[in-house]
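Read through the structure below, which is laid out as structure tokens, and then see the notes.
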Amino acid sequence: MHGYPIPQFEGDLLPKLIIQIPCYNEAETLAIALSDLPRTVTGFDSVEWLVIDDGSTDETVRVARENGVDHVVRHTSNRGLAYAFMTGIEACLALGADVIVNTDADNQYHAADVPALVNPVLEGRADMVIGARPISEIEHFSPIKKLLQKIGSWVVRVSSGTDVQDAPSGFRAISRNAAQRLMVFNNYTYTLETIIQAGRKNMRVVSVPIRVNGDLRPSRLVKSIPSYIKRSIFTIVRIFVIYQPARFFGIVAAVLFGLGFLIGLRFLYFYLTEGVSGHVQSVVLAGVLMSMGFQALLVAFLADVIAANRKLLEDIRYTQRSGVIPGANAVKATEDPLRF
């Protein structure tokens with residue numbers, strides 16, 4: 001699979017790495033996460049930290065500044081993890097990042113694995129690198145959550161054509177070129193959708209094994225198992241609808257039309273063997289199902305056309321992003337933070 005070109009760095013011109021951390025009321029754990037983050041990484045001239053404050057009501061910003069965060073961007077209200085992630089990507093691009101690492105404020109991921117995460121990008125082997133956690137060994141993950149993690153990863157592999165082992169992992173490295181092409185539609189999480197986008201745009205996506213730390217707080221995304229299951233199913237279905245609309249609605253059309261056709265054959269069998277009386281309900285049901293199947297087929301064609309239009313809009317957005325001036329709209333953490 002051929003990806004988009006990785007920037008080549010020659011001589012003394014080394015790339016800039018920015019580690020971004022989306023935060024929402026993370027004052028209790030942020031300092032712990034920051035204390036483990038590297039300030040130097042082999043192959044980079046500079047390593048900077050960026051915190052995205054997603055409308056926190058606690059002392060998250062103060063903790064970030066006191067612990068040496070270079071840049072802070074702020075939302076005036078809580079907009080969710082996916083929106084915070086994309087705000088961070090935009091800010092990192094504006095600050096001139098050549099490689100972006102995303103991690104969590106709850107210190108879930110082992111910060112010492114940052115070099116392993118960025119190496120495939122530096123070596124030109126990947127546009128996006130996903131840290132693969134040892135899911136089966138994580139004690140605070142329930143059996144249902146582990147199962148859903150595996151199902152979600154399988155769906156992403158099928159939809160994206162990649163070999164990602166841990167699609168829901170938020171510990172990832174992204175090249176500048178890849179970051180400029182990302183666009184998240186889901187308000188709940190960015191993890192699955194960004195991988196599918198990368199795969200469908202022929203970017204090179206690589207998984208590397210990473211370590212995890214102990215659980216410091218309950219997950220913000222998993223408020224309850226039923227809620228997590230519902231959101232996960234909705235996210236998976238939405239991914240298919242957005243990125244493979246013709247296939248999704250085509251399958252729906254085939255199932256409906258096929259059921260109607262079989263029921264119609266059943267009626268024909270009884271008509272030929274028993275005469276004209278009875279089984280009128282079968283005729284009605286067969287007609288309804290086949291009509292619904294035909295309508296779903298029409299939706300499949302329309303959805304495919306809309307998907308093609310979306311791709312054109314994404315190309316336009318990439319063109320606009322690639323013209324971003326490094327450092328524009330950026331602030332130091334000691335200054336007044338940006339507000340979105």
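Labeling convention for the structure tokens: chains A, B, ... as they appear, residues from 1 per chain, ligands from 1 in order of appearance.
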Kindly provide the residues of range 238-284 of chain A that approach range 179-194 of chain A to within 12 Å, each paired with its closest atom pair and their distance in Å to one decimal, based on only C-alpha atoms, listed by chain and increasing number, as a tab-separated table.
residue	atom	partner	partner_atom	distance
A:Arg238	CA	A:Asn186	CA	8.5
A:Ile239	CA	A:Glu193	CA	6.8
A:Phe240	CA	A:Glu193	CA	10.1
A:Val241	CA	A:Glu193	CA	11.8
A:Ile242	CA	A:Phe185	CA	9.0
A:Tyr243	CA	A:Glu193	CA	9.0
(message) Show me, as a PyMOL selection string, the residues that have an atom within 8 Å of range 301-303 of chain A when counting only C-alpha atoms, minus same-chain residues fewer than 4 positions from it.
(response) chain A and resi 245-246+297+307
Residues at most 9 Å from Gly258 in chain A, counting only C-alpha atoms, excluding those fewer than 5 positions away in the same chain, as a PDB file with N, CA, C and O atoms, in the first residue's frame?
ATOM      1  N   ALA A 253     -30.361  -3.715   1.101  1.00  0.00           N
ATOM      2  CA  ALA A 253     -31.249  -3.926  -0.043  1.00  0.00           C
ATOM      3  C   ALA A 253     -31.317  -5.400  -0.413  1.00  0.00           C
ATOM      4  O   ALA A 253     -32.400  -5.946  -0.684  1.00  0.00           O
ATOM      5  N   ILE A 263     -40.319 -15.151   0.228  1.00  0.00           N
ATOM      6  CA  ILE A 263     -41.726 -15.222   0.646  1.00  0.00           C
ATOM      7  C   ILE A 263     -42.643 -15.298  -0.582  1.00  0.00           C
ATOM      8  O   ILE A 263     -43.668 -16.002  -0.580  1.00  0.00           O
ATOM      9  N   LEU A 289     -41.589  -6.025   1.299  1.00  0.00           N
ATOM     10  CA  LEU A 289     -40.156  -6.244   1.477  1.00  0.00           C
ATOM     11  C   LEU A 289     -39.377  -5.969   0.196  1.00  0.00           C
ATOM     12  O   LEU A 289     -38.295  -5.365   0.221  1.00  0.00           O
ATOM     13  N   MET A 290     -39.889  -6.395  -0.932  1.00  0.00           N
ATOM     14  CA  MET A 290     -39.195  -6.163  -2.195  1.00  0.00           C
ATOM     15  C   MET A 290     -39.182  -4.677  -2.556  1.00  0.00           C
ATOM     16  O   MET A 290     -38.195  -4.171  -3.099  1.00  0.00           O
ATOM     17  N   GLY A 293     -36.572  -3.169  -0.400  1.00  0.00           N
ATOM     18  CA  GLY A 293     -35.263  -3.520  -0.929  1.00  0.00           C
ATOM     19  C   GLY A 293     -34.877  -2.652  -2.106  1.00  0.00           C
ATOM     20  O   GLY A 293     -33.726  -2.211  -2.222  1.00  0.00           O
TER      21      GLY A 293
END
(request) Would you return as an MDAnalysis selection string the members of range 56-225 of chain A that DSSP assigns to helix (DSSP H, G or I) on this structure's backbone? (result) chainID A and resid 60:66 81:94 111:122 135:137 143:160 176:180 191:200 225
(request) Would you work out the distance separating CA of Ile21 in chain A from CA of Gly214 in chain A, expressed in Å to one decimal? (result)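 Calculated distance between CA of Ile21 in chain A and CA of Gly214 in chain A is 18.1 Å.
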